[in-house]
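Structure data follow from structure-v4.txt (compact mmCIF, C-alpha atoms):
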# COMPACT_ATOMS: atom_id res chain seq x y z
CA MET A 1 37.47 1.15 -16.53
CA LYS A 2 36.27 4.51 -17.71
CA HIS A 3 38.45 4.64 -20.78
CA HIS A 4 37.34 1.31 -22.19
CA ILE A 5 34.92 2.60 -24.77
CA ILE A 6 33.56 -0.78 -25.83
CA LEU A 7 32.72 -1.69 -22.23
CA ARG A 8 31.06 1.66 -21.66
CA ILE A 9 28.91 1.56 -24.75
CA GLY A 10 28.07 -2.12 -24.29
CA ALA A 11 27.02 -1.49 -20.71
CA LYS A 12 24.92 1.48 -21.72
CA LEU A 13 23.15 -0.64 -24.31
CA LEU A 14 22.64 -3.61 -22.00
CA ILE A 15 21.52 -2.09 -18.71
CA PRO A 16 17.99 -0.94 -19.73
CA PRO A 17 17.04 -4.30 -21.32
CA ILE A 18 18.36 -6.10 -18.23
CA MET A 19 16.14 -4.00 -15.99
CA LEU A 20 13.19 -4.49 -18.30
CA PHE A 21 13.77 -8.24 -18.31
CA ALA A 22 13.92 -8.20 -14.53
CA LEU A 23 10.54 -6.47 -14.37
CA TYR A 24 9.15 -8.96 -16.87
CA VAL A 25 10.39 -11.92 -14.84
CA GLN A 26 8.95 -10.40 -11.67
CA PHE A 27 5.44 -9.88 -12.93
CA HIS A 28 5.25 -12.91 -15.20
CA GLY A 29 6.39 -15.23 -12.46
CA ASP A 30 2.83 -16.46 -12.20
CA TYR A 31 2.63 -17.59 -15.82
CA GLY A 32 6.09 -18.91 -16.53
CA PRO A 33 9.35 -19.53 -14.75
CA GLY A 34 10.35 -16.63 -12.62
CA GLY A 35 9.21 -14.85 -9.52
CA GLY A 36 10.61 -12.60 -6.87
CA PHE A 37 14.07 -14.05 -6.30
CA GLN A 38 15.16 -14.31 -9.90
CA ALA A 39 13.83 -10.85 -10.71
CA GLY A 40 15.56 -9.32 -7.71
CA VAL A 41 18.94 -10.83 -8.61
CA ILE A 42 18.67 -9.77 -12.26
CA PHE A 43 17.67 -6.24 -11.31
CA ALA A 44 20.60 -5.98 -8.91
CA SER A 45 22.97 -7.32 -11.55
CA ALA A 46 22.02 -4.42 -13.84
CA PHE A 47 23.09 -1.99 -11.13
CA ILE A 48 26.23 -4.00 -10.39
CA LEU A 49 27.18 -3.87 -14.07
CA TYR A 50 26.79 -0.10 -13.92
CA GLY A 51 28.99 0.02 -10.84
CA LEU A 52 31.64 -2.22 -12.39
CA VAL A 53 31.97 -0.21 -15.58
CA PHE A 54 31.47 3.36 -14.40
CA GLY A 55 32.92 3.24 -10.90
CA LEU A 56 31.63 3.01 -7.36
CA ALA A 57 31.09 6.76 -6.96
CA GLU A 58 28.62 6.73 -9.85
CA LEU A 59 26.80 3.76 -8.34
CA ARG A 60 26.68 5.59 -5.01
CA ARG A 61 25.10 8.53 -6.79
CA VAL A 62 22.41 6.40 -8.40
CA ALA A 63 21.72 4.01 -5.52
CA PRO A 64 22.90 5.60 -2.26
CA LEU A 65 23.42 3.22 0.61
CA ALA A 66 20.96 5.01 2.88
CA VAL A 67 18.12 4.49 0.38
CA VAL A 68 18.99 0.90 -0.46
CA THR A 69 19.19 -0.25 3.13
CA LYS A 70 15.75 1.19 3.80
CA LEU A 71 14.42 -0.58 0.70
CA MET A 72 15.81 -3.84 2.09
CA ALA A 73 13.57 -3.50 5.12
CA ILE A 74 10.57 -2.14 3.20
CA GLY A 75 10.42 -5.24 1.00
CA TRP A 76 10.18 -7.56 3.97
CA LEU A 77 7.67 -5.25 5.63
CA ILE A 78 5.45 -5.50 2.55
CA TYR A 79 5.43 -9.26 2.96
CA ILE A 80 4.61 -9.06 6.66
CA GLY A 81 2.02 -6.38 5.89
CA VAL A 82 0.20 -8.71 3.52
CA GLY A 83 0.21 -11.31 6.27
CA TYR A 84 -1.23 -8.90 8.78
CA GLY A 85 -3.69 -7.65 6.16
CA GLY A 86 -5.12 -11.15 6.11
CA LEU A 87 -5.42 -11.02 9.90
CA ILE A 88 -7.09 -7.61 9.91
CA LEU A 89 -9.61 -8.55 7.24
CA GLY A 90 -10.81 -11.52 9.21
CA GLY A 91 -8.77 -14.51 8.06
CA LYS A 92 -5.61 -16.11 9.33
CA PHE A 93 -2.07 -14.78 9.01
CA LEU A 94 -0.98 -14.86 5.34
CA ASP A 95 -4.46 -15.90 4.27
CA TYR A 96 -4.96 -14.55 0.76
CA ASN A 97 -8.58 -15.63 0.34
CA VAL A 98 -9.95 -12.71 2.34
CA LEU A 99 -8.00 -10.02 0.49
CA SER A 100 -10.72 -9.58 -2.08
CA ASP A 101 -14.35 -10.57 -2.68
CA ASP A 102 -13.45 -13.28 -5.15
CA ARG A 103 -11.24 -15.95 -3.61
CA ILE A 104 -9.14 -16.44 -6.70
CA ALA A 105 -8.68 -12.70 -7.19
CA GLY A 106 -7.57 -12.53 -3.58
CA GLN A 107 -4.97 -15.22 -4.19
CA HIS A 108 -3.71 -13.40 -7.27
CA LEU A 109 -3.42 -10.14 -5.35
CA GLY A 110 -1.69 -11.79 -2.43
CA ILE A 111 0.85 -13.59 -4.59
CA LEU A 112 1.57 -10.43 -6.58
CA LEU A 113 2.22 -8.32 -3.49
CA VAL A 114 4.27 -10.99 -1.79
CA GLU A 115 6.51 -11.56 -4.80
CA LEU A 116 6.95 -7.80 -5.11
CA GLY A 117 8.14 -7.61 -1.52
CA VAL A 118 10.53 -10.49 -2.03
CA GLY A 119 11.90 -8.96 -5.23
CA ILE A 120 12.54 -5.58 -3.60
CA THR A 121 14.32 -7.17 -0.65
CA VAL A 122 16.49 -9.43 -2.76
CA ALA A 123 17.52 -6.66 -5.18
CA SER A 124 18.42 -4.20 -2.44
CA THR A 125 20.28 -6.80 -0.40
CA MET A 126 22.43 -7.80 -3.36
CA LEU A 127 23.20 -4.15 -4.01
CA VAL A 128 24.10 -3.56 -0.36
CA ILE A 129 26.40 -6.57 -0.32
CA TYR A 130 28.14 -5.49 -3.52
CA GLN A 131 28.61 -1.94 -2.31
CA CYS A 132 30.05 -3.12 1.01
CA PHE A 133 32.57 -5.34 -0.76
CA ALA A 134 33.52 -2.70 -3.31
CA ALA A 135 33.94 0.15 -0.85
CA HIS A 136 36.03 -1.72 1.67
CA GLN A 137 39.54 -0.35 1.72
CA SER A 138 42.41 -2.11 3.40
CA ARG A 139 44.88 -0.31 5.59
CA GLU A 140 47.61 -1.34 7.98
CA LEU A 141 46.52 -1.81 11.56
CA SER A 142 48.69 0.11 14.02
CA ASP A 143 50.04 -1.50 17.19
CA ASP A 144 47.53 0.06 19.60
CA GLU A 145 44.58 -1.41 17.70
CA TRP A 146 45.81 -4.94 18.38
CA MET B 1 22.65 -59.13 -15.61
CA VAL B 2 19.67 -57.21 -17.00
CA SER B 3 18.49 -56.32 -13.52
CA ASP B 4 21.98 -55.01 -12.75
CA ILE B 5 21.82 -52.70 -15.74
CA HIS B 6 18.36 -51.59 -14.64
CA PHE B 7 19.66 -50.98 -11.16
CA ILE B 8 22.58 -48.88 -12.43
CA LEU B 9 20.37 -46.92 -14.81
CA GLY B 10 17.93 -46.28 -12.02
CA HIS B 11 20.46 -45.08 -9.48
CA TYR B 12 23.26 -43.35 -11.35
CA ASN B 13 21.85 -39.94 -10.58
CA TYR B 14 22.20 -40.52 -6.83
CA TRP B 15 25.74 -41.82 -7.29
CA ALA B 16 26.76 -38.80 -9.37
CA ALA B 17 25.38 -36.46 -6.73
CA ILE B 18 27.24 -38.35 -3.98
CA LEU B 19 30.45 -38.16 -6.02
CA LEU B 20 30.11 -34.37 -6.20
CA MET B 21 29.27 -34.29 -2.50
CA ALA B 22 32.45 -36.20 -1.71
CA ALA B 23 34.49 -33.78 -3.83
CA GLY B 24 33.01 -30.75 -2.12
CA PHE B 25 33.50 -32.29 1.31
CA TYR B 26 37.13 -33.09 0.54
CA ILE B 27 37.77 -29.48 -0.46
CA VAL B 28 36.23 -28.18 2.76
CA VAL B 29 38.20 -30.54 4.96
CA ALA B 30 41.55 -30.80 3.20
CA ARG B 31 42.31 -27.30 1.92
CA GLY B 32 43.65 -24.66 4.24
CA ASN B 33 42.78 -21.55 2.25
CA LEU B 34 39.51 -20.17 3.60
CA ILE B 35 38.15 -18.97 0.27
CA LYS B 36 38.73 -22.41 -1.22
CA LYS B 37 36.73 -23.88 1.64
CA ILE B 38 33.81 -21.64 0.70
CA VAL B 39 34.07 -22.77 -2.92
CA GLY B 40 34.00 -26.38 -1.71
CA LEU B 41 30.94 -25.59 0.38
CA ASN B 42 29.20 -24.21 -2.71
CA LEU B 43 30.09 -27.36 -4.63
CA PHE B 44 28.62 -29.45 -1.83
CA GLN B 45 25.43 -27.39 -1.91
CA VAL B 46 25.00 -27.76 -5.67
CA SER B 47 25.42 -31.52 -5.36
CA VAL B 48 22.66 -31.65 -2.74
CA PHE B 49 20.42 -29.66 -5.10
CA MET B 50 21.13 -32.18 -7.85
CA LEU B 51 20.14 -35.00 -5.56
CA TYR B 52 16.79 -33.46 -4.67
CA ILE B 53 15.87 -32.29 -8.15
CA SER B 54 16.68 -35.68 -9.62
CA MET B 55 14.39 -37.23 -7.03
CA GLY B 56 11.56 -35.05 -8.26
CA LYS B 57 11.89 -35.85 -11.92
CA VAL B 58 9.20 -38.04 -13.46
CA THR B 59 9.99 -39.87 -16.72
CA GLY B 60 7.87 -38.43 -19.50
CA GLY B 61 6.95 -35.48 -17.36
CA THR B 62 7.33 -31.84 -18.16
CA ALA B 63 8.06 -28.65 -16.27
CA PRO B 64 5.42 -27.98 -13.59
CA ILE B 65 3.67 -25.14 -15.40
CA LEU B 66 0.01 -25.85 -16.05
CA THR B 67 -0.97 -25.74 -19.69
CA GLY B 68 -4.66 -26.59 -19.49
CA ARG B 69 -4.22 -30.00 -21.09
CA PRO B 70 -3.99 -32.99 -18.78
CA GLU B 71 -0.30 -33.87 -18.61
CA ILE B 72 2.21 -35.52 -16.36
CA TYR B 73 4.16 -32.91 -14.40
CA SER B 74 7.43 -33.30 -12.61
CA ASN B 75 7.10 -32.91 -8.88
CA PRO B 76 7.12 -29.17 -7.99
CA LEU B 77 7.77 -29.64 -4.31
CA PRO B 78 11.54 -30.25 -4.52
CA HIS B 79 11.78 -27.21 -6.82
CA VAL B 80 10.29 -25.02 -4.12
CA LEU B 81 12.61 -26.33 -1.42
CA ILE B 82 15.70 -26.01 -3.60
CA LEU B 83 14.76 -22.45 -4.60
CA THR B 84 14.84 -21.50 -0.95
CA ALA B 85 18.07 -23.43 -0.47
CA ILE B 86 19.84 -21.64 -3.33
CA VAL B 87 19.03 -18.23 -1.91
CA VAL B 88 20.06 -19.25 1.59
CA GLY B 89 23.29 -20.57 0.07
CA VAL B 90 24.14 -17.25 -1.51
CA ALA B 91 23.39 -15.47 1.78
CA THR B 92 25.77 -17.83 3.60
CA THR B 93 28.45 -17.30 0.97
CA ALA B 94 28.18 -13.52 1.24
CA ILE B 95 28.52 -13.56 5.03
CA GLY B 96 31.34 -16.09 4.86
CA LEU B 97 33.31 -13.98 2.41
CA ALA B 98 32.76 -10.85 4.51
CA LEU B 99 34.07 -12.74 7.55
CA ILE B 100 37.12 -13.84 5.54
CA VAL B 101 37.87 -10.23 4.61
CA ARG B 102 37.76 -9.25 8.28
CA ILE B 103 39.89 -12.25 9.26
CA LYS B 104 42.49 -11.19 6.73
CA GLU B 105 42.57 -7.75 8.27
CA ALA B 106 42.84 -9.05 11.82
CA TYR B 107 45.37 -11.87 11.25
CA GLY B 108 47.11 -10.88 8.03
CA THR B 109 46.54 -14.28 6.45
CA ILE B 110 43.70 -16.53 5.33
CA GLU B 111 45.50 -19.87 5.63
CA GLU B 112 43.94 -21.95 8.36
CA ASP B 113 47.13 -23.32 9.92
CA GLU B 114 48.78 -19.90 10.09
CA ILE B 115 45.70 -18.51 11.83
CA LEU B 116 45.84 -21.36 14.37
CA ALA B 117 49.52 -20.67 14.98
CA ILE B 118 48.87 -16.97 15.60
CA ASP B 119 46.05 -17.86 18.01
CA ARG B 120 48.23 -20.27 19.96
CA ALA B 121 51.03 -17.72 20.14
CA LEU B 122 48.60 -15.15 21.51
CA GLU B 123 47.34 -17.61 24.11
CA GLN B 124 50.86 -18.33 25.27
CA GLN B 125 51.53 -14.63 25.54
CA ASP B 126 48.42 -14.27 27.71
CA VAL B 127 49.59 -17.16 29.90
CA HIS B 128 53.03 -15.55 30.34
CA VAL B 129 51.52 -12.20 31.24
CA GLN B 130 49.31 -13.78 33.87
CA MET C 1 39.19 -21.17 -9.85
CA VAL C 2 36.48 -18.54 -9.49
CA MET C 3 35.80 -18.61 -13.21
CA LEU C 4 35.59 -22.39 -13.09
CA SER C 5 33.04 -22.21 -10.31
CA GLY C 6 30.98 -19.83 -12.43
CA VAL C 7 31.13 -22.22 -15.37
CA PHE C 8 30.18 -25.06 -13.04
CA SER C 9 27.12 -23.15 -11.85
CA LEU C 10 26.04 -22.47 -15.40
CA LEU C 11 26.44 -26.13 -16.39
CA SER C 12 24.48 -27.24 -13.34
CA ALA C 13 21.74 -24.80 -14.37
CA GLY C 14 21.66 -26.56 -17.74
CA LEU C 15 21.34 -29.90 -15.96
CA PHE C 16 18.44 -28.57 -13.93
CA VAL C 17 16.64 -27.67 -17.16
CA THR C 18 16.99 -31.21 -18.46
CA MET C 19 15.45 -32.42 -15.21
CA ASP C 20 12.40 -30.16 -15.78
CA ALA C 21 13.29 -27.72 -13.00
CA VAL C 22 13.06 -24.45 -14.91
CA ASP C 23 12.57 -22.12 -11.93
CA VAL C 24 15.51 -23.68 -10.13
CA ALA C 25 17.70 -23.42 -13.24
CA PHE C 26 16.78 -19.75 -13.59
CA THR C 27 17.71 -19.00 -10.01
CA GLU C 28 20.89 -21.07 -10.09
CA ALA C 29 22.09 -19.38 -13.29
CA ALA C 30 21.34 -15.89 -12.00
CA VAL C 31 22.70 -16.45 -8.50
CA GLY C 32 25.51 -18.93 -9.04
CA ALA C 33 26.98 -17.81 -12.31
CA GLY C 34 26.29 -14.13 -11.77
CA LEU C 35 26.26 -12.97 -8.22
CA THR C 36 28.53 -15.46 -6.49
CA THR C 37 31.27 -14.90 -9.06
CA VAL C 38 31.17 -11.14 -8.38
CA LEU C 39 31.34 -11.76 -4.63
CA TYR C 40 34.31 -14.12 -4.99
CA LEU C 41 36.13 -11.60 -7.16
CA GLY C 42 35.46 -8.88 -4.61
CA ALA C 43 36.70 -11.03 -1.76
CA LEU C 44 39.80 -12.09 -3.70
CA ALA C 45 40.58 -8.47 -4.52
CA LEU C 46 40.47 -7.67 -0.83
CA THR C 47 42.49 -10.62 0.42
CA GLY C 48 45.05 -11.56 -2.21
CA SER C 49 44.80 -14.36 -4.73
CA MET C 50 47.68 -16.70 -3.93
CA GLU C 51 47.16 -19.97 -2.09
CA LYS C 52 49.82 -21.59 0.03
CA ALA C 53 51.17 -24.91 -1.28
CA ILE C 54 50.26 -28.08 0.61
CA THR C 55 53.04 -29.37 2.86
CA ARG C 56 51.83 -32.82 3.82
CA PRO C 57 49.30 -35.07 2.05
CA PRO C 58 45.86 -35.06 3.67
CA TYR C 59 45.39 -38.74 4.57
CA ILE C 60 42.76 -38.24 7.24
CA ALA C 61 40.67 -36.06 4.92
CA VAL C 62 40.67 -38.75 2.21
CA LEU C 63 39.74 -41.36 4.81
CA VAL C 64 36.84 -39.33 6.16
CA MET C 65 35.63 -38.51 2.66
CA THR C 66 35.66 -42.15 1.58
CA ALA C 67 33.86 -43.22 4.74
CA MET C 68 31.14 -40.61 4.21
CA ALA C 69 30.75 -41.51 0.53
CA ALA C 70 30.53 -45.21 1.37
CA VAL C 71 27.81 -44.64 3.95
CA LEU C 72 25.82 -42.47 1.56
CA LEU C 73 26.19 -44.95 -1.29
CA TYR C 74 24.93 -47.69 0.98
CA GLY C 75 21.96 -45.50 1.76
CA THR C 76 21.02 -45.08 -1.89
CA MET C 77 20.62 -48.80 -2.48
CA ASP C 78 16.99 -48.74 -1.40
CA MET C 79 15.94 -45.54 -3.10
CA PRO C 80 13.37 -45.56 -5.90
CA PRO C 81 14.74 -45.59 -9.43
CA PHE C 82 15.36 -42.40 -11.32
CA GLY C 83 12.17 -40.99 -12.83
CA ASP C 84 9.84 -43.52 -11.26
CA ALA C 85 6.30 -42.18 -11.24
CA ASP C 86 5.25 -44.43 -8.35
CA ALA C 87 7.88 -43.16 -5.93
CA PRO C 88 6.56 -42.17 -2.49
CA ILE C 89 7.73 -38.62 -3.05
CA HIS C 90 5.02 -38.11 -5.68
CA ARG C 91 2.16 -39.36 -3.58
CA HIS C 92 2.08 -37.31 -0.42
CA VAL C 93 0.95 -33.70 -1.01
CA THR C 94 1.98 -33.07 -4.60
CA PRO C 95 -1.29 -34.17 -6.29
CA GLU C 96 -3.22 -31.85 -3.96
CA TYR C 97 -0.91 -28.96 -4.77
CA ILE C 98 -1.20 -29.48 -8.51
CA THR C 99 -4.99 -29.80 -8.52
CA GLY C 100 -5.33 -27.06 -5.91
CA THR C 101 -3.36 -24.66 -8.08
CA GLN C 102 -5.82 -25.23 -10.88
CA THR C 103 -8.95 -24.83 -8.80
CA GLN C 104 -8.14 -22.61 -5.83
CA ILE C 105 -5.38 -20.32 -7.00
CA GLY C 106 -5.70 -20.17 -10.75
CA ILE C 107 -2.17 -19.37 -11.87
CA PRO C 108 -0.22 -21.62 -14.23
CA ASN C 109 3.15 -21.69 -12.46
CA VAL C 110 2.74 -24.33 -9.76
CA VAL C 111 6.12 -23.56 -8.20
CA SER C 112 5.19 -19.90 -7.67
CA ALA C 113 1.83 -20.88 -6.26
CA VAL C 114 3.36 -23.31 -3.78
CA LEU C 115 6.15 -20.89 -2.89
CA ALA C 116 3.95 -17.86 -2.34
CA SER C 117 0.65 -19.32 -1.20
CA TYR C 118 0.79 -22.88 0.08
CA ARG C 119 4.22 -22.50 1.70
CA GLY C 120 4.13 -18.74 2.11
CA PHE C 121 5.38 -18.86 5.67
CA ASP C 122 8.63 -20.52 4.57
CA THR C 123 9.15 -17.79 2.01
CA LEU C 124 8.64 -15.23 4.74
CA GLY C 125 11.45 -16.79 6.74
CA GLU C 126 13.64 -17.05 3.67
CA THR C 127 13.24 -13.35 2.94
CA GLY C 128 14.23 -12.78 6.54
CA VAL C 129 17.38 -14.81 5.96
CA ILE C 130 18.33 -12.64 2.98
CA PHE C 131 17.64 -9.52 5.01
CA THR C 132 19.81 -10.83 7.84
CA ALA C 133 22.63 -11.58 5.40
CA GLY C 134 22.49 -8.00 4.15
CA ILE C 135 22.58 -6.64 7.68
CA GLY C 136 25.43 -8.99 8.58
CA VAL C 137 27.58 -7.90 5.66
CA LEU C 138 26.81 -4.28 6.48
CA LEU C 139 27.93 -4.76 10.06
CA LEU C 140 31.07 -6.65 9.12
CA LEU C 141 32.32 -4.44 6.31
CA ARG C 142 31.00 -1.13 7.47
CA ARG C 143 33.99 0.50 9.07
CA ARG C 144 35.84 1.40 5.92
CA LEU C 145 32.76 3.00 4.44
CA SER C 146 33.57 6.02 6.57
CA LEU C 147 36.24 6.84 4.04
CA HIS C 148 33.55 7.67 1.54
CA THR C 149 30.52 8.71 3.56
CA PRO C 150 30.27 10.12 7.10
CA SER C 151 29.81 7.22 9.47
CA LYS C 152 26.74 7.20 11.66
CA GLY C 153 27.57 7.10 15.31
CA GLY C 154 31.17 5.95 15.19
CA ASP C 155 32.58 2.41 15.17
CA ALA C 156 30.34 -0.05 16.94
CA GLN C 157 32.36 -2.76 18.70

Encoded form (structure tokens):
Amino acid sequence: MKHHIILRIGAKLLIPPIMLFALYVQFHGDYGPGGGFQAGVIFASAFILYGLVFGLAELRRVAPLAVVTKLMAIGWLIYIGVGYGGLILGGKFLDYNVLSDDRIAGQHLGILLVELGVGITVASTMLVIYQCFAAHQSRELSDDEW
Amino acid sequence: MVSDIHFILGHYNYWAAILLMAAGFYIVVARGNLIKKIVGLNLFQVSVFMLYISMGKVTGGTAPILTGRPEIYSNPLPHVLILTAIVVGVATTAIGLALIVRIKEAYGTIEEDEILAIDRALEQQDVHVQ
Amino acid sequence: MVMLSGVFSLLSAGLFVTMDAVDVAFTEAAVGAGLTTVLYLGALALTGSMEKAITRPPYIAVLVMTAMAAVLLYGTMDMPPFGDADAPIHRHVTPEYITGTQTQIGIPNVVSAVLASYRGFDTLGETGVIFTAGIGVLLLLRRRLSLHTPSKGGDAQ
């Protein structure tokens, strides 16, 4: 697809606003429709668009599989960490009230961190899945492998 | 007669969702191509979402985002459940498609009856060897 | 067929908006019309895009489908009418969630508040499901990746 100049320029123009919109959806999920899942999918779709137009090698350069798989786990660990943070600070598991002096500020902080973890996990998982599908080559199986 | 119209107007959403469910179910059961089965499964899932979201709608209500004025809100609880269900659905689809790719490599085909035939032939070969 | 399923997802997202489910419509549009279409195209590219023609008509499938639809239709006869504000579904915990979001949590989006705070444990499990799906796809489609990057530890059977 590298020689399709309209696709290349269109993708270059679109990818930064898509990422910005994903960040907006992530952090404004408290005030309007949105939240972690939607933001994660939109963020991953920006990267997938880059991979579709410029090739898988370029996508590998920008988002290497080793980094993205670790991010997948880190997002979920953030969520579990917030849960354990509630335990350590004296409340129950996933209790947001104890995360700060003011109960409502604690809820805000808890929801923010939790949605961040969810968004990171969803974005990296979608990227991992796309890269696995795109990199899979088919070859003929020889007789011994049966 | 009027009560019949009221009954139809009050239940057509459930019937539409069940119609879609039947279509999705038919695709899963009747088609042999594995990828088409996954598409039918997705259709089935969307119909179930329609059923739940239509159950949560309140006439004269609005989206469940608080505005500060006292208003009637549509029920947010089905929205939460269906949000989870959509994401689980995409996870299932991804794993299903990855399995189909591996099946194609192992069997050479993704038609269900051909895969069954290859399996039976392999079993008979095992029986002969033993 | 894949394009039609993408269009179907987008139209269902529009329907969700008319039923006041804006978060759900957002997710369905992003996931159904965006990501699932890419996955189907990837899978079709790896397996071939021709379907075998049907040899014999599927009578049993039509029978089972009609039986299931009939049972379900019979089940909807007693359900509350569409949009009824007195339905039992609106009486159980929803008023507490809506008032609790105003007083205890203080954010406008009730769906986010319920998802992240009141039902936060479910969201924890759901994130685990997504993580497991990523790991599953990695395990299933990993072997050919060695053509591009050095594989870690050889092929795991």

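Distance-wise, atom CA of Tyr40 of chain C and atom CA of Ile95 of chain B end up 11.6 Å apart.
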
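One finds atom CA of Thr69 of chain A at 9.1 Å from atom CA of Leu127 of chain A.
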
Judged by all atoms listed in the file, the minimum distance to Leu51 of chain B among C:Ser12, C:Ala67, C:Ala116, C:Phe121 is found for C:Ser12

Report task. Within 7 Å of chain B, which residues of chain C are there when counting only C-alpha atoms? Please give them as a PyMOL selection string. Result -> chain C and resi 19-22+24+28+36+39+43+46-47+51+58+61-62+65+69+73+76+81-85+90+94+108-111+115+126+129-130+133+136-137+140-141

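The interatomic distance for the pair atom CA of Pro64 of chain A and atom CA of Cys132 of chain A works out to 11.7 Å.
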
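Distance annotation: of A:Tyr31, A:Leu116, A:Ile5, A:Leu89, the residue with the minimal separation from chain C is A:Tyr31; atom set is only C-alpha atoms.
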
Neighbours of chain C in chain A at 9 Å, counting only C-alpha atoms, as a CSV table (one decimal) with C-alpha atoms, keeping the file's coordinate frame:
chain,number,residue,atom,x,y,z
A,29,GLY,CA,6.4,-15.2,-12.5
A,30,ASP,CA,2.8,-16.5,-12.2
A,31,TYR,CA,2.6,-17.6,-15.8
A,32,GLY,CA,6.1,-18.9,-16.5
A,33,PRO,CA,9.4,-19.5,-14.8
A,34,GLY,CA,10.4,-16.6,-12.6
A,35,GLY,CA,9.2,-14.8,-9.5
A,37,PHE,CA,14.1,-14.0,-6.3
A,38,GLN,CA,15.2,-14.3,-9.9
A,41,VAL,CA,18.9,-10.8,-8.6
A,42,ILE,CA,18.7,-9.8,-12.3
A,45,SER,CA,23.0,-7.3,-11.6
A,48,ILE,CA,26.2,-4.0,-10.4
A,57,ALA,CA,31.1,6.8,-7.0
A,69,THR,CA,19.2,-0.2,3.1
A,72,MET,CA,15.8,-3.8,2.1
A,73,ALA,CA,13.6,-3.5,5.1
A,75,GLY,CA,10.4,-5.2,1.0
A,76,TRP,CA,10.2,-7.6,4.0
A,79,TYR,CA,5.4,-9.3,3.0
A,80,ILE,CA,4.6,-9.1,6.7
A,94,LEU,CA,-1.0,-14.9,5.3
A,95,ASP,CA,-4.5,-15.9,4.3
A,96,TYR,CA,-5.0,-14.6,0.8
A,103,ARG,CA,-11.2,-16.0,-3.6
A,104,ILE,CA,-9.1,-16.4,-6.7
A,105,ALA,CA,-8.7,-12.7,-7.2
A,106,GLY,CA,-7.6,-12.5,-3.6
A,107,GLN,CA,-5.0,-15.2,-4.2
A,108,HIS,CA,-3.7,-13.4,-7.3
A,110,GLY,CA,-1.7,-11.8,-2.4
A,111,ILE,CA,0.8,-13.6,-4.6
A,112,LEU,CA,1.6,-10.4,-6.6
A,114,VAL,CA,4.3,-11.0,-1.8
A,115,GLU,CA,6.5,-11.6,-4.8
A,117,GLY,CA,8.1,-7.6,-1.5
A,118,VAL,CA,10.5,-10.5,-2.0
A,121,THR,CA,14.3,-7.2,-0.6
A,122,VAL,CA,16.5,-9.4,-2.8
A,124,SER,CA,18.4,-4.2,-2.4
A,125,THR,CA,20.3,-6.8,-0.4
A,126,MET,CA,22.4,-7.8,-3.4
A,128,VAL,CA,24.1,-3.6,-0.4
A,129,ILE,CA,26.4,-6.6,-0.3
A,130,TYR,CA,28.1,-5.5,-3.5
A,132,CYS,CA,30.0,-3.1,1.0
A,133,PHE,CA,32.6,-5.3,-0.8
A,134,ALA,CA,33.5,-2.7,-3.3
A,135,ALA,CA,33.9,0.2,-0.8
A,136,HIS,CA,36.0,-1.7,1.7
A,137,GLN,CA,39.5,-0.4,1.7
A,138,SER,CA,42.4,-2.1,3.4

From the list A:Gly83, A:Gly119, A:Gly90, A:Gly55, the nearest residue to Gln26 of chain A using only C-alpha atoms is A:Gly119

Using only C-alpha atoms, the residue out of A:Phe27, A:Phe21, A:Phe93, A:Phe47 with shortest distance to Gln131 of chain A is A:Phe47

Give the centre and edge lengths of an axis-aligned box, in Å to one decimal, that holds all listed atoms of segment 111-122 of chain A with 6 Å on each side, as JSON.
{"center_x": 8.7, "center_y": -9.6, "center_z": -3.6, "size_x": 27.6, "size_y": 20.0, "size_z": 17.9}

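Nearest to chain A of all the residues B:Ala17, B:Ile5, B:Leu122, B:Ala117 is B:Leu122, based on all atoms listed in the file.
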
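Nearest residue to chain B among A:Ala11, A:Val25, A:Gly36, A:Asp102 is A:Gly36, counting all atoms listed in the file.
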